[in-house]
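Below is model26.cif, which holds mmCIF, C-alpha atoms and all ligand atoms.
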```cif
data_upload
#
loop_
_atom_site.label_atom_id
_atom_site.label_comp_id
_atom_site.auth_asym_id
_atom_site.auth_seq_id
_atom_site.Cartn_x
_atom_site.Cartn_y
_atom_site.Cartn_z
CA MET A 12 -5.05 30.28 18.37
CA SER A 13 -4.94 26.86 19.99
CA ARG A 14 -7.85 24.55 19.43
CA PRO A 15 -9.36 22.42 22.17
CA ALA A 16 -8.77 18.68 21.88
CA PRO A 17 -11.64 17.13 19.95
CA ASP A 18 -14.11 14.83 21.63
CA LEU A 19 -13.19 11.80 19.60
CA ALA A 20 -15.92 9.61 21.06
CA ALA A 21 -18.57 12.17 20.08
CA LEU A 22 -17.09 12.59 16.60
CA ILE A 23 -17.11 8.83 16.07
CA ALA A 24 -20.64 8.47 17.43
CA ARG A 25 -22.06 11.06 15.05
CA ARG A 26 -20.22 9.91 11.93
CA ARG A 27 -22.81 9.92 9.19
CA PRO A 28 -22.56 6.84 6.92
CA GLY A 29 -22.15 7.69 3.25
CA TYR A 30 -20.44 10.99 4.05
CA THR A 31 -16.89 12.26 4.31
CA LEU A 32 -15.52 12.69 7.81
CA GLU A 33 -15.73 15.83 9.89
CA ALA A 34 -12.77 18.18 9.57
CA PRO A 35 -10.85 17.20 12.75
CA PHE A 36 -10.32 13.69 11.36
CA TYR A 37 -8.23 15.24 8.60
CA THR A 38 -6.60 18.08 10.52
CA ASP A 39 -6.34 17.50 14.25
CA PRO A 40 -2.99 16.46 15.76
CA ALA A 41 -4.70 14.46 18.52
CA ILE A 42 -6.65 12.42 15.97
CA PHE A 43 -3.47 11.95 13.95
CA GLU A 44 -1.91 10.47 17.11
CA ALA A 45 -4.97 8.25 17.57
CA ASP A 46 -4.60 7.09 13.95
CA LEU A 47 -0.99 6.09 14.62
CA GLU A 48 -1.85 4.41 17.90
CA HIS A 49 -4.95 2.49 16.84
CA ILE A 50 -4.53 2.03 13.09
CA PHE A 51 -0.85 2.12 12.12
CA TYR A 52 0.56 0.53 15.29
CA ARG A 53 -2.16 -2.13 15.41
CA HIS A 54 -2.87 -3.35 11.90
CA TRP A 55 -0.91 -5.07 9.14
CA ILE A 56 0.85 -2.30 7.26
CA TYR A 57 2.17 -2.76 3.75
CA VAL A 58 5.78 -1.55 3.60
CA GLY A 59 7.54 -3.06 0.58
CA VAL A 60 8.25 -6.14 -1.49
CA GLU A 61 10.58 -9.09 -1.15
CA PRO A 62 12.63 -7.82 -4.12
CA ASP A 63 13.52 -4.80 -1.94
CA ILE A 64 15.82 -7.20 -0.09
CA PRO A 65 16.48 -10.06 -2.51
CA GLU A 66 19.69 -11.52 -1.01
CA PRO A 67 20.77 -12.60 2.50
CA GLY A 68 22.21 -9.55 4.25
CA ASP A 69 20.06 -7.08 2.31
CA TYR A 70 18.19 -4.69 4.54
CA MET A 71 15.64 -1.91 4.22
CA THR A 72 14.63 0.65 6.83
CA VAL A 73 11.04 1.81 7.17
CA GLU A 74 9.35 4.30 9.46
CA ILE A 75 5.74 3.92 10.50
CA GLY A 76 4.86 6.97 12.55
CA ARG A 77 7.50 7.08 15.29
CA ALA A 78 8.40 3.40 14.88
CA ALA A 79 11.72 2.91 13.11
CA LEU A 80 12.05 -0.59 11.68
CA VAL A 81 14.58 -2.58 9.75
CA LEU A 82 13.65 -5.45 7.46
CA VAL A 83 16.46 -7.89 6.71
CA ARG A 84 16.85 -11.11 4.82
CA ASP A 85 18.68 -13.54 7.08
CA ASP A 86 21.22 -16.20 6.10
CA ALA A 87 18.47 -18.76 5.62
CA GLY A 88 16.69 -16.45 3.17
CA GLU A 89 13.87 -15.55 5.56
CA VAL A 90 12.66 -11.96 5.77
CA ARG A 91 12.66 -10.60 9.33
CA ALA A 92 11.71 -7.30 10.88
CA PHE A 93 13.07 -5.60 13.99
CA HIS A 94 12.87 -2.27 15.70
CA ASN A 95 15.82 -0.30 14.36
CA VAL A 96 16.73 0.66 17.92
CA CYS A 97 19.86 -0.44 19.73
CA ARG A 98 19.29 -2.36 22.96
CA HIS A 99 22.22 -0.54 24.58
CA ARG A 100 21.28 3.12 24.79
CA GLY A 101 18.73 3.24 22.05
CA ALA A 102 20.64 4.68 19.12
CA ARG A 103 19.20 4.20 15.66
CA ILE A 104 21.29 1.41 14.18
CA LEU A 105 20.86 1.70 10.43
CA SER A 106 20.20 5.01 8.75
CA GLU A 107 20.36 4.19 5.04
CA ARG A 108 17.09 3.41 3.28
CA LYS A 109 18.58 0.21 1.85
CA GLY A 110 21.89 -1.59 2.04
CA MET A 111 23.69 -4.85 2.61
CA THR A 112 25.45 -6.01 5.73
CA GLY A 113 26.83 -9.14 7.38
CA ASN A 114 25.72 -8.06 10.85
CA LEU A 115 23.81 -5.09 12.20
CA VAL A 116 26.38 -2.95 14.00
CA CYS A 117 25.31 0.03 16.07
CA PRO A 118 27.57 2.95 15.17
CA TYR A 119 27.57 4.30 18.75
CA HIS A 120 29.40 1.63 20.81
CA GLN A 121 29.43 -1.13 18.21
CA TRP A 122 26.99 -3.51 19.80
CA THR A 123 26.60 -6.08 17.05
CA TYR A 124 23.54 -8.11 16.13
CA ASP A 125 23.35 -10.97 13.65
CA LEU A 126 20.71 -11.07 10.91
CA GLY A 127 18.42 -12.94 13.28
CA GLY A 128 18.56 -9.99 15.69
CA ARG A 129 20.68 -11.80 18.30
CA LEU A 130 23.20 -9.66 20.15
CA ILE A 131 26.54 -11.30 19.35
CA LEU A 132 29.01 -8.65 20.52
CA ALA A 133 28.91 -6.10 23.34
CA ASN A 134 32.29 -5.09 24.72
CA HIS A 135 33.04 -3.88 28.24
CA MET A 136 30.01 -5.48 29.83
CA ASP A 137 30.21 -7.68 32.93
CA GLU A 138 30.69 -11.36 32.40
CA ASP A 139 27.24 -12.07 33.81
CA PHE A 140 25.66 -9.73 31.25
CA ASP A 141 23.08 -11.78 29.38
CA ARG A 142 23.35 -11.04 25.69
CA ALA A 143 20.40 -13.33 25.00
CA CYS A 144 18.12 -10.84 26.75
CA HIS A 145 19.28 -7.94 24.63
CA GLY A 146 18.52 -8.97 21.07
CA LEU A 147 16.75 -6.60 18.71
CA ARG A 148 13.05 -6.43 19.41
CA PRO A 149 11.26 -8.38 16.68
CA VAL A 150 8.26 -7.08 14.73
CA ALA A 151 5.68 -9.37 13.12
CA ILE A 152 6.16 -9.66 9.37
CA LYS A 153 4.35 -11.62 6.68
CA SER A 154 4.90 -11.98 2.98
CA ALA A 155 1.70 -12.23 0.95
CA GLY A 156 2.89 -13.36 -2.46
CA GLY A 157 6.02 -11.24 -1.96
CA LEU A 158 4.19 -8.16 -0.66
CA LEU A 159 5.62 -7.43 2.79
CA PHE A 160 3.33 -6.48 5.66
CA VAL A 161 4.46 -5.70 9.20
CA CYS A 162 2.43 -5.36 12.37
CA LEU A 163 3.64 -3.55 15.46
CA ALA A 164 0.95 -4.95 17.76
CA GLU A 165 1.78 -7.46 20.46
CA GLU A 166 -1.06 -9.55 19.10
CA PRO A 167 -1.44 -8.85 15.38
CA PRO A 168 -4.90 -9.35 13.87
CA ALA A 169 -5.05 -13.07 13.05
CA ASP A 170 -7.54 -12.61 10.22
CA PHE A 171 -4.72 -11.35 8.00
CA ASP A 172 -3.75 -14.98 7.30
CA GLU A 173 -6.81 -15.43 5.11
CA ALA A 174 -6.05 -12.28 3.12
CA ALA A 175 -2.42 -13.33 2.74
CA ALA A 176 -3.36 -16.79 1.48
CA LEU A 177 -5.75 -15.36 -1.11
CA ILE A 178 -3.25 -12.72 -2.24
CA GLU A 179 -0.67 -15.49 -2.54
CA ARG A 180 -3.02 -17.58 -4.67
CA TYR A 181 -4.17 -14.78 -7.00
CA THR A 182 -0.72 -13.28 -7.50
CA ALA A 183 1.21 -16.56 -7.91
CA PRO A 184 1.33 -16.46 -11.75
CA PHE A 185 3.01 -13.03 -11.60
CA ASP A 186 5.82 -14.37 -9.37
CA LEU A 187 6.54 -11.15 -7.55
CA ARG A 188 9.31 -12.80 -5.55
CA ASN A 189 11.28 -13.23 -8.78
CA ALA A 190 10.68 -9.70 -9.98
CA ARG A 191 13.07 -6.78 -9.69
CA ILE A 192 12.37 -3.18 -8.77
CA ALA A 193 12.94 -1.23 -11.96
CA HIS A 194 12.08 2.08 -10.35
CA GLU A 195 10.74 3.49 -7.10
CA GLU A 196 9.62 6.92 -6.07
CA GLU A 197 8.57 8.79 -2.99
CA LEU A 198 5.98 11.50 -3.18
CA ILE A 199 5.03 13.59 -0.18
CA GLU A 200 1.43 14.67 -0.50
CA ALA A 201 0.20 17.78 1.30
CA GLY A 202 -2.78 16.08 2.88
CA ASN A 203 -3.97 13.72 5.58
CA TRP A 204 -3.30 10.02 4.87
CA LYS A 205 -7.03 9.29 4.80
CA LEU A 206 -7.50 11.74 1.92
CA THR A 207 -4.76 9.89 0.03
CA MET A 208 -6.57 6.61 0.68
CA GLU A 209 -10.02 7.96 -0.12
CA ASN A 210 -8.74 9.39 -3.38
CA SER A 211 -7.14 6.07 -4.31
CA ARG A 212 -10.38 4.17 -3.81
CA GLU A 213 -12.43 5.78 -6.55
CA CYS A 214 -12.26 6.72 -10.18
CA TYR A 215 -15.02 9.33 -10.09
CA HIS A 216 -12.22 11.83 -10.68
CA CYS A 217 -10.32 9.86 -13.34
CA ASN A 218 -12.04 11.03 -16.49
CA VAL A 219 -11.12 14.67 -16.09
CA ASN A 220 -7.95 14.39 -14.01
CA HIS A 221 -6.09 11.36 -15.37
CA PRO A 222 -5.71 11.59 -19.15
CA GLU A 223 -2.79 9.12 -19.04
CA LEU A 224 -4.30 6.49 -16.75
CA THR A 225 -7.65 6.44 -18.51
CA GLN A 226 -6.00 5.24 -21.71
CA SER A 227 -5.82 1.80 -20.08
CA LEU A 228 -8.33 2.03 -17.24
CA PHE A 229 -12.09 1.82 -17.64
CA GLU A 230 -13.47 4.52 -15.44
CA TYR A 231 -16.81 2.74 -15.60
CA GLY A 232 -15.33 -0.41 -14.16
CA PHE A 233 -15.79 1.41 -10.84
CA GLY A 234 -19.49 1.95 -11.43
CA PHE A 235 -21.68 4.76 -12.69
CA SER A 236 -25.13 6.12 -12.14
CA PRO A 237 -27.64 4.86 -14.68
CA ALA A 238 -29.79 7.87 -13.77
CA ASP A 239 -27.63 10.36 -15.63
CA ALA A 240 -26.44 8.06 -18.37
CA GLY A 241 -26.16 9.93 -21.65
CA PRO A 242 -25.26 8.21 -24.92
CA GLU A 243 -21.51 8.66 -24.39
CA LEU A 244 -21.53 7.18 -20.90
CA LEU A 245 -23.71 4.29 -22.00
CA GLU A 246 -21.35 3.56 -24.85
CA GLN A 247 -18.39 3.49 -22.47
CA ALA A 248 -20.26 1.32 -20.01
CA ARG A 249 -21.06 -1.10 -22.85
CA ALA A 250 -17.40 -1.11 -23.93
CA PHE A 251 -16.48 -2.08 -20.37
CA GLU A 252 -18.99 -4.92 -20.34
CA THR A 253 -17.70 -6.22 -23.69
CA ALA A 254 -14.10 -6.08 -22.43
CA GLU A 255 -15.09 -7.79 -19.20
CA ALA A 256 -16.68 -10.68 -21.11
CA GLU A 257 -13.58 -11.01 -23.30
CA PHE A 258 -11.23 -10.98 -20.31
CA ASN A 259 -13.36 -13.48 -18.43
CA THR A 260 -12.75 -15.88 -21.30
CA ILE A 261 -9.01 -15.25 -21.13
CA TRP A 262 -8.81 -15.66 -17.34
CA ARG A 263 -10.93 -18.81 -17.48
CA ARG A 264 -8.62 -20.26 -20.12
CA CYS A 265 -5.67 -19.52 -17.81
CA GLY A 266 -7.46 -21.47 -15.10
CA TRP A 267 -7.38 -18.42 -12.83
CA PRO A 268 -9.97 -17.69 -10.17
CA LEU A 269 -12.33 -15.07 -11.54
CA ALA A 270 -14.33 -14.07 -8.51
CA ALA A 271 -13.72 -10.70 -6.96
CA ILE A 272 -13.19 -11.09 -3.22
CA GLU A 273 -14.16 -8.22 -1.02
CA HIS A 274 -13.76 -7.86 2.70
CA LEU A 275 -12.94 -4.18 2.91
CA ASP A 276 -15.13 -3.25 5.84
CA ASP A 277 -16.13 -6.42 7.64
CA ARG A 278 -12.92 -7.33 9.47
CA PRO A 279 -9.77 -5.83 10.99
CA SER A 280 -7.56 -6.89 8.06
CA GLY A 281 -9.80 -5.53 5.30
CA PHE A 282 -8.86 -6.32 1.71
CA ARG A 283 -10.19 -6.67 -1.82
CA ILE A 284 -8.93 -8.65 -4.81
CA GLN A 285 -10.37 -8.07 -8.25
CA ARG A 286 -9.39 -8.72 -11.85
CA LEU A 287 -10.11 -5.81 -14.12
CA PRO A 288 -10.06 -5.53 -17.88
CA ILE A 289 -7.56 -3.15 -19.43
CA ALA A 290 -8.85 -0.87 -22.19
CA GLY A 291 -7.44 -0.53 -25.70
CA ALA A 292 -5.01 -3.34 -26.51
CA GLY A 293 -5.68 -4.67 -23.00
CA GLU A 294 -2.08 -5.44 -22.08
CA SER A 295 -0.75 -2.96 -19.58
CA GLN A 296 -1.23 0.37 -17.80
CA THR A 297 0.84 2.25 -20.35
CA LEU A 298 0.00 5.14 -22.63
CA ASP A 299 -0.55 2.86 -25.63
CA THR A 300 -2.07 0.10 -23.43
CA ARG A 301 0.57 -2.36 -24.68
CA ILE A 302 3.25 -4.00 -22.57
CA ALA A 303 6.16 -1.83 -21.44
CA CYS A 304 8.40 -4.86 -20.81
CA ARG A 305 8.88 -7.59 -23.40
CA ARG A 306 10.09 -10.06 -20.78
CA LEU A 307 6.84 -11.01 -19.11
CA LEU A 308 6.55 -11.77 -15.40
CA GLY A 309 7.08 -15.28 -14.05
CA THR A 310 6.51 -17.85 -16.76
CA LEU A 311 3.67 -15.91 -18.40
CA THR A 312 3.51 -16.07 -22.17
CA GLU A 313 0.36 -14.04 -22.88
CA ARG A 314 0.49 -10.27 -22.95
CA LYS A 315 -3.19 -9.58 -22.65
CA LEU A 316 -4.11 -10.61 -19.12
CA GLY A 317 -5.71 -7.44 -17.75
CA ASP A 318 -5.03 -6.04 -14.31
CA LEU A 319 -5.16 -7.92 -11.05
CA SER A 320 -5.95 -5.24 -8.48
CA ILE A 321 -5.41 -5.66 -4.76
CA TRP A 322 -6.41 -3.24 -2.03
CA THR A 323 -5.56 -3.59 1.66
CA GLN A 324 -6.69 -1.56 4.65
CA PRO A 325 -5.35 0.77 5.79
CA ASN A 326 -2.58 1.68 3.40
CA SER A 327 -2.02 -0.06 0.09
CA TRP A 328 -3.10 -0.86 -3.43
CA HIS A 329 -1.40 -2.84 -6.21
CA HIS A 330 -1.70 -3.61 -9.90
CA PHE A 331 -0.40 -6.87 -11.41
CA MET A 332 -0.21 -7.04 -15.21
CA SER A 333 1.50 -9.47 -17.58
CA ASP A 334 4.65 -7.38 -17.90
CA HIS A 335 4.93 -5.36 -14.71
CA ILE A 336 3.63 -4.74 -11.22
CA VAL A 337 3.00 -1.35 -9.64
CA THR A 338 2.64 -1.19 -5.87
CA PHE A 339 1.73 1.69 -3.54
CA SER A 340 2.38 2.17 0.18
CA VAL A 341 0.87 5.08 2.10
CA LEU A 342 2.48 6.22 5.35
CA PRO A 343 1.31 9.13 7.52
CA LEU A 344 3.94 11.79 8.33
CA ALA A 345 1.83 14.53 9.93
CA PRO A 346 -1.87 15.47 10.03
CA ASP A 347 -1.39 17.19 6.68
CA ARG A 348 1.55 15.27 5.20
CA THR A 349 1.59 11.78 3.73
CA LEU A 350 4.29 9.70 2.10
CA LEU A 351 3.31 7.73 -0.99
CA ARG A 352 5.90 5.15 -2.00
CA THR A 353 5.48 3.67 -5.48
CA LYS A 354 7.49 0.77 -6.93
CA TRP A 355 7.49 -0.57 -10.48
CA LEU A 356 8.63 -4.19 -10.86
CA VAL A 357 9.59 -6.25 -13.89
CA HIS A 358 10.92 -9.80 -14.31
CA ARG A 359 14.26 -9.93 -12.57
CA GLU A 360 16.04 -10.82 -15.79
CA ALA A 361 14.49 -7.99 -17.79
CA VAL A 362 17.11 -5.55 -19.00
CA GLU A 363 16.47 -1.83 -19.21
CA GLY A 364 16.88 -0.49 -22.71
CA VAL A 365 16.60 -4.00 -24.14
CA ASP A 366 13.39 -5.43 -22.70
CA TYR A 367 11.83 -2.23 -21.45
CA ASP A 368 12.00 1.51 -21.68
CA LEU A 369 11.88 3.04 -18.19
CA LYS A 370 9.91 6.07 -19.32
CA LYS A 371 7.20 3.98 -20.92
CA LEU A 372 7.08 1.74 -17.85
CA THR A 373 6.67 4.57 -15.34
CA GLU A 374 5.12 7.58 -17.06
CA VAL A 375 1.45 6.72 -16.52
CA TRP A 376 1.60 6.27 -12.75
CA GLN A 377 4.14 9.07 -12.34
CA ALA A 378 1.69 11.45 -13.98
CA THR A 379 -1.23 9.92 -12.09
CA ASN A 380 0.54 10.22 -8.73
CA GLU A 381 1.32 13.89 -9.39
CA GLN A 382 -2.29 14.54 -10.34
CA ASP A 383 -3.58 12.67 -7.31
CA GLY A 384 -1.15 14.50 -5.03
CA ALA A 385 -2.53 17.81 -6.28
CA LEU A 386 -6.10 16.61 -5.68
CA VAL A 387 -5.25 15.51 -2.15
CA ALA A 388 -3.61 18.91 -1.42
CA ARG A 389 -6.66 20.66 -2.85
CA THR A 390 -8.96 18.63 -0.62
CA GLN A 391 -6.78 19.20 2.45
CA ALA A 392 -7.00 22.95 1.81
CA GLY A 393 -10.78 22.59 1.63
CA VAL A 394 -11.28 20.51 4.76
CA GLU A 395 -9.10 23.00 6.68
CA SER A 396 -11.35 25.85 5.58
CA ALA A 397 -14.04 27.31 7.80
CA GLY A 398 -16.82 26.46 5.38
CA TYR A 399 -16.20 22.73 5.17
CA VAL A 400 -18.95 20.33 6.15
CA PRO A 401 -18.98 16.58 5.34
CA GLY A 402 -20.28 15.81 1.85
CA PRO A 403 -21.95 12.73 0.36
CA TYR A 404 -20.08 9.96 -1.45
CA SER A 405 -21.53 8.88 -4.77
CA PRO A 406 -23.32 5.60 -4.09
CA HIS A 407 -22.41 4.45 -7.61
CA THR A 408 -18.72 5.35 -7.88
CA GLU A 409 -17.46 5.84 -4.34
CA GLY A 410 -18.56 2.62 -2.67
CA LEU A 411 -14.97 1.65 -1.90
CA VAL A 412 -14.30 5.06 -0.35
CA GLU A 413 -17.28 4.58 1.94
CA LYS A 414 -15.94 1.14 2.86
CA PHE A 415 -12.55 2.62 3.69
CA THR A 416 -14.07 5.32 5.88
CA THR A 417 -16.43 2.89 7.58
CA TRP A 418 -13.56 0.49 8.26
CA TYR A 419 -11.42 3.33 9.62
CA VAL A 420 -14.07 4.67 11.99
CA ARG A 421 -14.89 1.19 13.27
CA GLU A 422 -11.27 0.20 13.86
CA LEU A 423 -10.52 3.52 15.52
CA ALA A 424 -13.54 3.04 17.79
CA ALA A 425 -12.44 -0.53 18.57
CA GLY A 426 -8.94 0.66 19.41
CA LEU A 427 -10.36 3.30 21.74
CA GLY A 428 -12.56 0.73 23.41
CA LEU A 429 -15.71 2.42 22.09
CA ALA A 430 -16.99 -0.40 19.91
S1 LIG A 501 23.64 2.81 21.72
FE1 LIG A 501 24.10 1.20 20.37
S2 LIG A 501 25.97 0.47 21.04
FE2 LIG A 501 25.54 2.03 22.43
FE FE A 502 -6.54 9.35 -9.04
#
```
Kindly transcribe the structure held in the file into structure tokens.
Amino acid sequence: MSRPAPDLAALIARRRPGYTLEAPFYTDPAIFEADLEHIFYRHWIYVGVEPDIPEPGDYMTVEIGRAALVLVRDDAGEVRAFHNVCRHRGARILSERKGMTGNLVCPYHQWTYDLGGRLILANHMDEDFDRACHGLRPVAIKSAGGLLFVCLAEEPPADFDEAAALIERYTAPFDLRNARIAHEEELIEAGNWKLTMENSRECYHCNVNHPELTQSLFEYGFGFSPADAGPELLEQARAFETAEAEFNTIWRRCGWPLAAIEHLDDRPSGFRIQRLPIAGAGESQTLDTRIACRRLLGTLTERKLGDLSIWTQPNSWHHFMSDHIVTFSVLPLAPDRTLLRTKWLVHREAVEGVDYDLKKLTEVWQATNEQDGALVARTQAGVESAGYVPGPYSPHTEGLVEKFTTWYVRELAAGLGLA
């Protein structure tokens, strides 16, 4: 049974604030295409970290929807991005996820591009053939403290510069550029990318679903309803407030900016930066809440520094702790399939088995990702069901979900010329 194309303008117009989206937003192929066109091909998309390509000649391929890209570090040490599409007859040039190369050579007829994307060799062309007009097509790329964002738009949203500068400032002590990827994983979730993002923006579900993560994470740091506060909840909320006061003292002593900065739904390049206390020993998002890596990041000397959390619209979130960084990139594959790429980073000189145990470093977010993937699949199954109608977000614990959804609907409308 084929479904009629949805009336996107009508769906956008009747979106009810404070509620989940109507089913077609999560299921319809035409809306998935609109998401690619107006969100993923227009905004700054988080794709990886500078330590993915630490040396000149290192490259990494990335796909955003149907756009195949290659990120390379050129001879001057600058990170560049290009369409991974040969200017001869369009063959995909690089097919490995990561590698190292002196030049980018198309396997088909060996057109050869340097690391700056210039076409430097093309045999059997006329002598008046202008190689300068056939370089790789560049893609906008920016590093925000070592987090790499690309934008496929002809005119990328300029407001990202402010977000990048603030991310740079807040993350500087963790020196991501001098970290090393200790481990990375890809998880394909059986759900729409927006369900992955919505799920990542709240901890309403953490208490019951994330026994590992909640060792270190205060569920109540994300808010709670005083209306139904029993003694246990009040005790946990008090514990959070006590920890927050203690961490504020630590962060102040470090001379670090304390203020949370939130622009999740008031601009094209929405973002949020917030320091959060870590529970227990307060050191790291590990099972015992203590550092997983003895060699701390950058030139840090204190273990107990809490969690610097960063969120960007439409597709990322990150945790910076004294000993390691965990970073998440969400990429849509199909209306009901989403790629979640997770990377764990430690100081680049940290040695596995000496400074850190890989299992301890990764087990909390590995378990959490699996649990979240199952929740996303469960929700996808629900929103595809006949009985689904939009439901209300908790005003106390799902404020960031509402901001994501509001941002998404507004940017989609803007892209469609409806705003
Ligand atoms: S398609 Fe790349 S060299 Fe021919
Ligand atoms: Fe979760």
Suppose you want the space between CA of Asp46 in chain A and CA of Asn203 in chain A; what is it in Å?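 Spanning CA of Asp46 in chain A to CA of Asn203 in chain A is a straight-line distance of 10.7 Å.
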Name each residue within 9 Å of ligand LIG 501 (chain A), counting all atoms listed in the file, as a short mmCIF file (atom, residue, chain, number, x, y, z; two decimals) with C-alpha atoms, in the frame of the given file.
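Saved the output as selection_9.cif:
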```
data_model
loop_
_atom_site.label_atom_id
_atom_site.label_comp_id
_atom_site.auth_asym_id
_atom_site.auth_seq_id
_atom_site.Cartn_x
_atom_site.Cartn_y
_atom_site.Cartn_z
CA VAL A 96 16.73 0.66 17.92
CA CYS A 97 19.86 -0.44 19.73
CA ARG A 98 19.29 -2.36 22.96
CA HIS A 99 22.22 -0.54 24.58
CA ARG A 100 21.28 3.12 24.79
CA GLY A 101 18.73 3.24 22.05
CA ALA A 102 20.64 4.68 19.12
CA ARG A 103 19.20 4.20 15.66
CA ILE A 104 21.29 1.41 14.18
CA VAL A 116 26.38 -2.95 14.00
CA CYS A 117 25.31 0.03 16.07
CA PRO A 118 27.57 2.95 15.17
CA TYR A 119 27.57 4.30 18.75
CA HIS A 120 29.40 1.63 20.81
CA GLN A 121 29.43 -1.13 18.21
CA TRP A 122 26.99 -3.51 19.80
CA THR A 123 26.60 -6.08 17.05
CA ALA A 133 28.91 -6.10 23.34
#
```
Give me, as CSV, the closest atom pair and its distance (Å, one decimal) for every residue of chain A within a cut-off of 12 Å of ligand FE 502 (chain A), counting only C-alpha atoms and all ligand atoms, rows sorted by chain and rising number.
```
residue,atom,partner,partner_atom,distance
A:Leu206,CA,A:FE502,FE,11.3
A:Thr207,CA,A:FE502,FE,9.3
A:Met208,CA,A:FE502,FE,10.1
A:Glu209,CA,A:FE502,FE,9.7
A:Asn210,CA,A:FE502,FE,6.1
A:Ser211,CA,A:FE502,FE,5.8
A:Arg212,CA,A:FE502,FE,8.3
A:Glu213,CA,A:FE502,FE,7.3
A:Cys214,CA,A:FE502,FE,6.4
A:Tyr215,CA,A:FE502,FE,8.5
A:His216,CA,A:FE502,FE,6.4
A:Cys217,CA,A:FE502,FE,5.7
A:Asn218,CA,A:FE502,FE,9.4
A:Val219,CA,A:FE502,FE,9.9
A:Asn220,CA,A:FE502,FE,7.2
A:His221,CA,A:FE502,FE,6.7
A:Pro222,CA,A:FE502,FE,10.4
A:Glu223,CA,A:FE502,FE,10.7
A:Leu224,CA,A:FE502,FE,8.5
A:Thr225,CA,A:FE502,FE,10.0
A:Leu228,CA,A:FE502,FE,11.1
A:Glu230,CA,A:FE502,FE,10.6
A:Val375,CA,A:FE502,FE,11.3
A:Trp376,CA,A:FE502,FE,9.5
A:Gln377,CA,A:FE502,FE,11.2
A:Ala378,CA,A:FE502,FE,9.8
A:Thr379,CA,A:FE502,FE,6.2
A:Asn380,CA,A:FE502,FE,7.1
A:Glu381,CA,A:FE502,FE,9.1
A:Gln382,CA,A:FE502,FE,6.8
A:Asp383,CA,A:FE502,FE,4.8
A:Gly384,CA,A:FE502,FE,8.5
A:Ala385,CA,A:FE502,FE,9.8
A:Leu386,CA,A:FE502,FE,8.0
A:Val387,CA,A:FE502,FE,9.3
```
Would you give the centre and edge lengths, in Å to one decimal, of a box along x, y and z around the listed atoms of range 26-43 of chain A, with 3 Å added to each side, as JSON?
```
{"center_x": -12.9, "center_y": 12.5, "center_z": 10.9, "size_x": 25.8, "size_y": 17.3, "size_z": 21.3}
```
Fewer than 6 positions away in the same chain doesn't count, so skip those; otherwise give me all residues within 12 Å of His49 in chain A, counting all atoms listed in the file, as a list in words. Ile42, Phe43, Trp55, Gly76, Cys162, Leu163, Ala164, Pro167, Pro279, Pro325, Tyr419, Val420, Arg421, Glu422, Leu423, Ala424, Ala425, Gly426, Leu427, Gly428 and Leu429 of chain A
For the contact check between range 51-138 of chain A and range 349-364 of chain A, emit one row per residue of range 51-138 of chain A within 10 Å, containing the shortest atom pair and the distance in Å rounded to one decimal, counting all atoms listed in the file, chain then rising number order, as CSV.
```
residue,atom,partner,partner_atom,distance
A:Val58,CA,A:Arg352,CA,8.7
A:Gly59,CA,A:Lys354,CA,8.4
A:Val60,CA,A:Lys354,CA,8.8
A:Pro62,CA,A:Leu356,CA,8.6
A:Asp63,CA,A:Lys354,CA,9.6
```
Quick one: distance from CA of Asp39 in chain A to CA of Gly398 in chain A in Å, one decimal?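 Those two atoms sit 16.4 Å apart.
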Could you work out how far CA of His329 in chain A lies from CA of Ser295 in chain A, giving the answer in Å with one decimal? 13.4 Å
Give me the residues near range 180-184 of chain A as a CSV table (one decimal) with C-alpha atoms, keeping the file's coordinate frame, where near means some atom within 8 Å (using only C-alpha atoms) and where sequence neighbours in that chain fewer than 6 positions away do not count.
```csv
chain,number,residue,atom,x,y,z
A,156,GLY,CA,2.9,-13.4,-2.5
A,267,TRP,CA,-7.4,-18.4,-12.8
A,268,PRO,CA,-10.0,-17.7,-10.2
A,308,LEU,CA,6.6,-11.8,-15.4
A,309,GLY,CA,7.1,-15.3,-14.0
A,310,THR,CA,6.5,-17.8,-16.8
A,311,LEU,CA,3.7,-15.9,-18.4
A,319,LEU,CA,-5.2,-7.9,-11.0
A,331,PHE,CA,-0.4,-6.9,-11.4
```
Quick one: residues within 10 Å of (-8.7, 19.3, 1.5) (file frame), counting only C-alpha atoms, please, as a ChimeraX atom specification. /A:34,37-38,201-203,206,347,386-396,399
Which residue, A:Leu275, A:Ile152, A:Cys265, A:Leu158, has the smallest gap to Gly410 in chain A when you use only C-alpha atoms?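 Of the candidates, the smallest distance to Gly410 in chain A is held by A:Leu275.
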